[in-house]
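The file entry33.tsv contains TSV, C-alpha atoms:
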```
chain	number	residue	atom	x	y	z
Y	1	MET	CA	-3.53	-24.58	10.47
Y	2	THR	CA	-7.03	-25.50	11.70
Y	3	PHE	CA	-5.43	-27.94	14.09
Y	4	GLN	CA	-3.25	-25.20	15.56
Y	5	ILE	CA	-6.27	-22.93	16.05
Y	6	VAL	CA	-8.12	-25.72	17.85
Y	7	VAL	CA	-5.15	-26.35	20.12
Y	8	ASN	CA	-4.96	-22.64	20.83
Y	9	LEU	CA	-8.66	-22.52	21.73
Y	10	ILE	CA	-8.27	-25.54	24.04
Y	11	ILE	CA	-5.35	-23.87	25.80
Y	12	SER	CA	-7.32	-20.68	26.32
Y	13	PHE	CA	-10.34	-22.57	27.73
Y	14	MET	CA	-8.01	-24.51	30.00
Y	15	TRP	CA	-6.57	-21.22	31.20
Y	16	MET	CA	-10.09	-20.01	31.97
Y	17	PHE	CA	-10.88	-23.12	33.99
Y	18	LEU	CA	-7.54	-23.13	35.75
Y	19	SER	CA	-7.83	-19.51	36.83
Y	20	GLU	CA	-11.55	-19.97	37.61
Y	21	SER	CA	-12.66	-16.69	36.16
Y	22	TYR	CA	-14.98	-17.02	33.18
Y	23	THR	CA	-14.72	-13.59	31.63
Y	24	PHE	CA	-13.81	-12.48	28.16
Y	25	ILE	CA	-10.61	-10.83	29.38
Y	26	THR	CA	-9.38	-14.13	30.82
Y	27	PHE	CA	-10.20	-15.83	27.54
Y	28	ILE	CA	-8.18	-13.29	25.58
Y	29	PHE	CA	-5.28	-13.62	27.98
Y	30	GLY	CA	-5.41	-17.40	27.65
Y	31	TYR	CA	-5.50	-17.09	23.88
Y	32	ILE	CA	-2.39	-14.93	23.88
Y	33	LEU	CA	-0.67	-17.42	26.17
Y	34	GLY	CA	-1.70	-20.24	23.84
Y	35	ALA	CA	-0.32	-18.39	20.84
Y	36	LEU	CA	3.00	-17.92	22.63
Y	37	LEU	CA	3.09	-21.61	23.59
Y	38	LEU	CA	2.37	-22.62	20.02
Y	39	LEU	CA	5.16	-20.34	18.84
Y	40	LEU	CA	7.58	-22.07	21.21
Y	41	LEU	CA	6.40	-25.56	20.28
Y	42	ASN	CA	6.15	-24.78	16.60
Y	43	ARG	CA	8.71	-27.34	15.43
Y	44	PHE	CA	6.52	-30.21	16.64
Y	45	PHE	CA	3.75	-29.28	14.24
Y	46	PRO	CA	3.93	-30.35	10.62
Y	47	SER	CA	2.63	-27.05	9.23
Y	48	ARG	CA	3.86	-23.48	9.55
Y	49	TYR	CA	3.00	-21.36	12.58
Y	50	TYR	CA	-0.51	-20.19	11.88
Y	51	LEU	CA	-0.02	-16.58	12.94
Y	52	ALA	CA	3.00	-16.13	10.66
Y	53	PRO	CA	0.97	-14.74	7.73
Y	54	ILE	CA	-0.49	-12.13	10.06
Y	55	TYR	CA	2.99	-11.05	11.07
Y	56	ARG	CA	4.04	-10.91	7.40
Y	57	PHE	CA	0.96	-8.86	6.65
Y	58	PHE	CA	1.95	-6.43	9.36
Y	59	VAL	CA	5.42	-6.11	7.82
Y	60	LEU	CA	3.79	-5.47	4.44
Y	61	PHE	CA	1.66	-2.75	6.00
Y	62	LEU	CA	4.75	-1.06	7.45
Y	63	ILE	CA	6.43	-1.14	4.03
Y	64	PHE	CA	3.26	0.40	2.58
Y	65	VAL	CA	3.34	3.29	5.05
Y	66	ARG	CA	7.05	3.92	4.52
Y	67	GLU	CA	6.70	4.04	0.73
Y	68	LEU	CA	3.68	6.31	1.04
Y	69	ILE	CA	5.62	8.89	3.02
Y	70	LEU	CA	8.70	8.67	0.77
Y	71	SER	CA	6.67	9.10	-2.42
Y	72	ASN	CA	4.88	12.08	-0.94
Y	73	ILE	CA	8.13	13.84	-0.19
Y	74	ASP	CA	9.26	13.02	-3.71
Y	75	ILE	CA	6.17	14.43	-5.39
Y	76	VAL	CA	6.18	17.57	-3.25
Y	77	LYS	CA	9.78	18.20	-4.25
Y	78	LEU	CA	8.77	17.92	-7.91
Y	79	VAL	CA	5.83	20.26	-7.44
Y	80	TYR	CA	7.94	23.03	-6.02
Y	81	LYS	CA	10.73	22.77	-8.56
Y	82	ARG	CA	10.90	25.96	-10.57
Y	83	LYS	CA	11.15	24.08	-13.85
Y	84	PRO	CA	9.79	20.53	-13.73
Y	85	ASP	CA	12.30	18.56	-15.77
Y	86	PHE	CA	11.11	14.98	-15.94
Y	87	GLU	CA	10.84	12.49	-18.74
Y	88	PRO	CA	7.74	10.40	-18.27
Y	89	GLY	CA	7.15	7.11	-20.01
Y	90	ILE	CA	5.21	3.87	-19.72
Y	91	PHE	CA	7.03	0.58	-19.34
Y	92	ALA	CA	5.96	-3.02	-18.79
Y	93	LEU	CA	6.93	-4.94	-15.68
Y	94	PRO	CA	6.56	-8.74	-15.65
Y	95	VAL	CA	5.01	-9.96	-12.41
Y	96	GLU	CA	5.33	-13.32	-10.72
Y	97	VAL	CA	2.42	-13.25	-8.29
Y	98	LYS	CA	-0.64	-15.01	-9.62
Y	99	LYS	CA	-3.72	-14.46	-7.48
Y	100	ASN	CA	-6.07	-11.57	-8.10
Y	101	TRP	CA	-5.74	-9.93	-4.71
Y	102	GLU	CA	-1.97	-10.20	-4.82
Y	103	ILE	CA	-1.86	-8.37	-8.14
Y	104	THR	CA	-4.25	-5.72	-6.80
Y	105	LEU	CA	-2.06	-5.21	-3.77
Y	106	LEU	CA	1.07	-5.02	-5.91
Y	107	ALA	CA	-0.56	-2.45	-8.21
Y	108	ASN	CA	-1.56	-0.38	-5.19
Y	109	LEU	CA	1.95	-0.53	-3.79
Y	110	ILE	CA	3.39	0.48	-7.16
Y	111	THR	CA	1.10	3.49	-7.29
Y	112	LEU	CA	2.33	4.59	-3.91
Y	113	THR	CA	6.02	4.11	-4.71
Y	114	PRO	CA	8.04	7.22	-5.52
Y	115	GLY	CA	7.63	8.16	-9.16
Y	116	THR	CA	5.53	5.27	-10.42
Y	117	LEU	CA	1.84	4.87	-11.22
Y	118	SER	CA	0.25	1.64	-12.37
Y	119	VAL	CA	-1.70	2.24	-15.57
Y	120	ALA	CA	-3.01	-1.15	-16.66
Y	121	ILE	CA	-2.67	-4.90	-16.31
Y	122	SER	CA	-2.31	-7.11	-19.36
Y	123	ASP	CA	-5.06	-9.59	-20.14
Y	124	ASP	CA	-3.15	-12.68	-19.07
Y	125	GLN	CA	-2.16	-10.92	-15.84
Y	126	SER	CA	1.54	-11.40	-16.45
Y	127	GLN	CA	2.52	-7.77	-16.87
Y	128	ILE	CA	1.78	-4.50	-15.16
Y	129	PHE	CA	2.16	-1.34	-17.19
Y	130	ILE	CA	3.66	1.44	-15.15
Y	131	HIS	CA	3.82	5.14	-15.82
Y	132	ALA	CA	7.06	6.53	-14.48
Y	133	MET	CA	7.96	10.12	-13.78
Y	134	ASP	CA	11.55	9.60	-14.85
Y	135	ILE	CA	12.00	6.81	-17.33
Y	136	ASP	CA	15.78	7.12	-17.14
Y	137	ASP	CA	16.41	6.12	-13.56
Y	138	ILE	CA	13.75	3.47	-13.57
Y	139	GLU	CA	16.14	0.60	-12.76
Y	140	GLU	CA	16.07	1.53	-9.11
Y	141	SER	CA	12.30	1.44	-8.79
Y	142	ILE	CA	12.08	-1.85	-10.70
Y	143	ASP	CA	14.55	-3.25	-8.22
Y	144	ASP	CA	12.51	-1.86	-5.37
Y	145	ILE	CA	9.25	-3.34	-6.67
Y	146	LYS	CA	10.77	-6.73	-7.45
Y	147	ASN	CA	12.77	-7.21	-4.29
Y	148	THR	CA	10.73	-5.43	-1.66
Y	149	PHE	CA	7.04	-5.59	-2.55
Y	150	GLU	CA	6.74	-8.76	-4.53
Y	151	LYS	CA	8.85	-10.65	-2.02
Y	152	ALA	CA	6.81	-9.31	0.88
Y	153	ILE	CA	3.54	-10.27	-0.81
Y	154	MET	CA	4.85	-13.74	-1.57
Y	155	GLU	CA	5.91	-14.14	2.05
Y	156	VAL	CA	2.30	-13.62	3.13
Y	157	THR	CA	0.91	-16.39	0.96
Y	158	LYS	CA	3.81	-18.83	1.11
Q	1	MET	CA	-0.04	16.93	22.58
Q	2	ASN	CA	-1.40	20.12	21.10
Q	3	ILE	CA	1.83	20.69	19.22
Q	4	ILE	CA	1.63	17.24	17.64
Q	5	ILE	CA	-1.94	17.91	16.54
Q	6	ILE	CA	-0.97	21.27	15.05
Q	7	ILE	CA	1.95	19.73	13.17
Q	8	LEU	CA	-0.25	16.95	11.80
Q	9	LEU	CA	-2.98	19.31	10.63
Q	10	LEU	CA	-0.53	21.76	9.07
Q	11	SER	CA	1.41	19.07	7.23
Q	12	GLY	CA	-1.88	17.60	6.00
Q	13	THR	CA	-3.03	20.88	4.55
Q	14	PHE	CA	0.43	21.44	3.10
Q	15	PHE	CA	0.36	18.10	1.27
Q	16	ILE	CA	-3.14	18.65	-0.06
Q	17	PHE	CA	-2.26	22.18	-1.18
Q	18	SER	CA	0.88	21.06	-2.96
Q	19	SER	CA	-1.01	18.29	-4.72
Q	20	ALA	CA	-3.52	20.84	-5.98
Q	21	LEU	CA	-0.59	22.94	-7.19
Q	22	GLY	CA	0.87	19.88	-8.85
Q	23	ILE	CA	-2.36	19.18	-10.69
Q	24	ILE	CA	-2.15	22.66	-12.17
Q	25	ARG	CA	1.56	22.60	-12.96
Q	26	PHE	CA	2.16	19.15	-14.46
Q	27	PRO	CA	1.88	18.68	-18.22
Q	28	ASP	CA	-0.48	15.75	-18.86
Q	29	VAL	CA	-3.08	13.43	-17.33
Q	30	PHE	CA	-0.65	10.80	-16.07
Q	31	THR	CA	1.78	13.13	-14.36
Q	32	ARG	CA	-1.16	14.98	-12.86
Q	33	LEU	CA	-2.49	11.72	-11.52
Q	34	HIS	CA	0.87	11.20	-9.87
Q	35	ALA	CA	0.23	14.38	-7.93
Q	36	ALA	CA	-3.44	13.61	-7.38
Q	37	THR	CA	-3.07	10.11	-5.94
Q	38	LYS	CA	-0.03	10.32	-3.72
Q	39	ALA	CA	0.07	13.59	-1.86
Q	40	PRO	CA	-3.60	13.79	-0.80
Q	41	THR	CA	-3.44	10.29	0.66
Q	42	LEU	CA	-0.82	11.31	3.17
Q	43	GLY	CA	-2.50	14.69	3.63
Q	44	ILE	CA	-5.87	13.21	4.49
Q	45	ILE	CA	-4.27	10.58	6.69
Q	46	SER	CA	-2.41	13.15	8.73
Q	47	ILE	CA	-5.49	15.38	9.06
Q	48	LEU	CA	-7.57	12.41	10.23
Q	49	LEU	CA	-4.84	11.40	12.67
Q	50	GLY	CA	-4.81	14.94	13.99
Q	51	ALA	CA	-8.59	14.80	14.46
Q	52	PHE	CA	-8.25	11.42	16.18
Q	53	LEU	CA	-5.64	12.72	18.60
Q	54	PHE	CA	-7.70	15.84	19.27
Q	55	LEU	CA	-10.82	13.82	20.08
Q	56	TYR	CA	-8.80	11.52	22.28
Q	57	GLY	CA	-6.98	14.30	24.06
Q	58	SER	CA	-9.84	16.68	24.77
Q	59	HIS	CA	-12.86	14.37	24.97
Q	60	GLN	CA	-11.31	11.00	25.86
Q	61	LEU	CA	-13.01	9.59	22.80
Q	62	VAL	CA	-11.45	6.77	20.79
Q	63	SER	CA	-12.99	7.30	17.39
Q	64	GLY	CA	-12.83	4.06	15.45
Q	65	LYS	CA	-14.50	5.65	12.46
Q	66	LEU	CA	-11.53	7.91	11.83
Q	67	LEU	CA	-9.14	4.95	11.86
Q	68	LEU	CA	-11.41	3.05	9.46
Q	69	ALA	CA	-11.51	6.10	7.20
Q	70	ILE	CA	-7.71	6.14	7.14
Q	71	LEU	CA	-7.66	2.47	6.15
Q	72	PHE	CA	-10.15	2.94	3.35
Q	73	ILE	CA	-8.44	6.04	2.00
Q	74	MET	CA	-5.20	4.10	1.86
Q	75	LEU	CA	-6.89	1.27	-0.04
Q	76	SER	CA	-9.05	3.25	-2.41
Q	77	SER	CA	-6.91	6.15	-3.55
Q	78	PRO	CA	-4.37	4.06	-5.54
Q	79	VAL	CA	-7.21	2.09	-7.12
Q	80	ALA	CA	-8.85	5.33	-8.21
Q	81	GLY	CA	-5.57	6.50	-9.71
Q	82	HIS	CA	-5.13	3.23	-11.55
Q	83	MET	CA	-8.64	3.29	-13.00
Q	84	LEU	CA	-8.41	6.94	-14.03
Q	85	SER	CA	-5.09	6.48	-15.79
Q	86	ARG	CA	-6.31	3.34	-17.53
Q	87	ALA	CA	-9.47	5.09	-18.67
Q	88	ALA	CA	-7.40	8.01	-19.92
Q	89	HIS	CA	-5.14	5.70	-21.87
Q	90	LYS	CA	-8.09	3.81	-23.33
Q	91	SER	CA	-9.73	7.01	-24.51
Q	92	TYR	CA	-6.68	7.96	-26.60
Q	93	VAL	CA	-5.24	10.61	-24.35
Q	94	LYS	CA	-1.70	11.14	-25.60
Q	95	PRO	CA	0.82	11.04	-22.79
Q	96	TYR	CA	3.45	13.72	-22.58
Q	97	LEU	CA	6.52	11.83	-23.76
Q	98	ARG	CA	9.94	12.85	-24.95
Q	99	HIS	CA	11.29	9.50	-26.05
Q	100	ARG	CA	8.04	7.81	-27.06
Q	101	ASP	CA	8.45	5.06	-24.48
Q	102	ASP	CA	4.94	3.68	-24.30
Q	103	GLU	CA	4.98	-0.07	-23.98
Q	104	TYR	CA	1.30	-0.26	-23.15
Q	105	GLU	CA	0.42	1.26	-26.51
Q	106	GLU	CA	2.69	-1.26	-28.22
Q	107	TYR	CA	1.00	-4.07	-26.34
Q	108	MET	CA	-2.45	-2.85	-27.32
Q	109	LYS	CA	-1.32	-2.47	-30.93
Q	110	LYS	CA	-0.01	-6.02	-30.95
Q	111	LYS	CA	-3.33	-7.21	-29.63
Q	112	GLY	CA	-5.07	-5.25	-32.35
Q	113	THR	CA	-7.71	-3.50	-30.30
Q	114	LYS	CA	-6.31	-0.03	-30.68
Q	115	ALA	CA	-4.86	1.65	-33.73
```
Could you spell out this file's structure in structure tokens?
Amino acid sequence: MTFQIVVNLIISFMWMFLSESYTFITFIFGYILGALLLLLLNRFFPSRYYLAPIYRFFVLFLIFVRELILSNIDIVKLVYKRKPDFEPGIFALPVEVKKNWEITLLANLITLTPGTLSVAISDDQSQIFIHAMDIDDIEESIDDIKNTFEKAIMEVTK
Amino acid sequence: MNIIIIILLLSGTFFIFSSALGIIRFPDVFTRLHAATKAPTLGIISILLGAFLFLYGSHQLVSGKLLLAILFIMLSSPVAGHMLSRAAHKSYVKPYLRHRDDEYEEYMKKKGTKA
């Protein structure tokens, strides 16, 4: 990863010298060119493309925004129902991600999913306790959390 | 441009208003927190986006502070909800339950820290 950054920097400096304009804009342009070149020549490097986690992070951010909007529509629907008929409950969800920031991110995403709110994390950090608006159709949101969020978070750190 | 700004501001106020209504209408702390953490996030974000577009459109001003505020609201509001609900659960607030599905209470009982 460090090696790829160094190569990228060398390419951008070379671009500056080749185009004989020593401004910041030229440097940025050279850096972008270098990143593209590294993407094309990625299979000659032993490690993964170093900007891939950034791309994954961007994907995660988009998922975050989508879930935020969906859950808002959900909650607004519930608010304006004449007779709120939901059956709340708290259930435990086993998590696979290990690092602290990953669990924090997962808990945040859970809170912003439709109908779920993270209440607590067990001491050994293997379970998240989730308060659900409707405990009956919880299978769907478990599926969502497991397959969408946890996978996306794991993709970032892989 | 103006129409987009108006739509953003109106939807923002609508979401914040309905979350306030939800806080009044829902039965217990946890369901109220559902209303209090989700809807205002989107409401504040759309109001800030409206302000950003307005500043950009009428004063040619790119306000980075507004974008940063959006980012921090998105990060902090779920954390606040999590901490509030955990604190509520720790201070023996009984959740509104019909089937008594409370696995967190069972876990705490098993650990022996809470009766």
Check your understanding: Quick one: of Y:Ile63, Y:Ile28, Y:Ile54, Y:Leu109, who's nearest to chain Q, counting all atoms listed in the file?
Key -> Y:Leu109
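Taking all atoms listed in the file, the non-local environment of Thr13 of chain Q within 9 Å (same-chain residues fewer than 2 positions away omitted) comprises Leu8, Leu9, Leu10, Ser11, Phe15, Ile16, Phe17, Ser18, Pro40, Gly43, Ile44, Ser46 and Ile47 of chain Q.
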Check your understanding: For chain Y against chain Q, which residues fall within 6 Å using all atoms listed in the file, given as a ChimeraX atom specification?
Key -> /Y:72,79,88-91,108,111,118-120
As lines of an AutoDock Vina configuration file, please: the centre and edge lengths in Å, to one decimal, of an axis-aligned box enclosing every listed atom of segment 58-69 of chain Q with 5 Å added on each side.
```
center_x = -11.8
center_y = 9.9
center_z = 16.5
size_x = 15.4
size_y = 23.6
size_z = 28.7
```
Practice item. Find the residues near segment 52-54 of chain Q: any atom within 10 Å, counting all atoms listed in the file, skip ones fewer than 3 places away on the same chain, and give them as a VMD selection string. Key: chain Q and resid 1 to 2 4 to 6 8 46 to 49 57 to 67
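Across Q:Val29, Q:Leu68, Q:Ala51, Q:Ile3, the tightest approach to Lys94 of chain Q is made by Q:Val29 when counting all atoms listed in the file.
Going from atom CA of Phe72 of chain Q over to atom CA of Met133 of chain Y, you cover 25.9 Å.
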Check your understanding: atom CA of Phe57 of chain Y and atom CA of Gly115 of chain Y are how many Å apart?
Key -> 24.2 Å
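Using all atoms listed in the file, the shortest contact distance between Met1 of chain Y and any of Y:Ile69, Y:Thr26, Y:Ile135, Y:Asn42 is found at Y:Asn42.
Compared by their closest atoms to Leu37 of chain Y, and using all atoms listed in the file, the residues Y:Gln4, Y:Ser21, Y:Ser71, Y:Thr104 rank with Y:Gln4 nearest.
We find atom CA of Asn147 of chain Y and atom CA of Leu78 of chain Y to be spaced 25.7 Å apart.
Nearest residue to Thr148 of chain Y, choosing from Y:Phe64, Y:Tyr80, Y:Phe45, Y:Phe3 and counting all atoms listed in the file: Y:Phe64.
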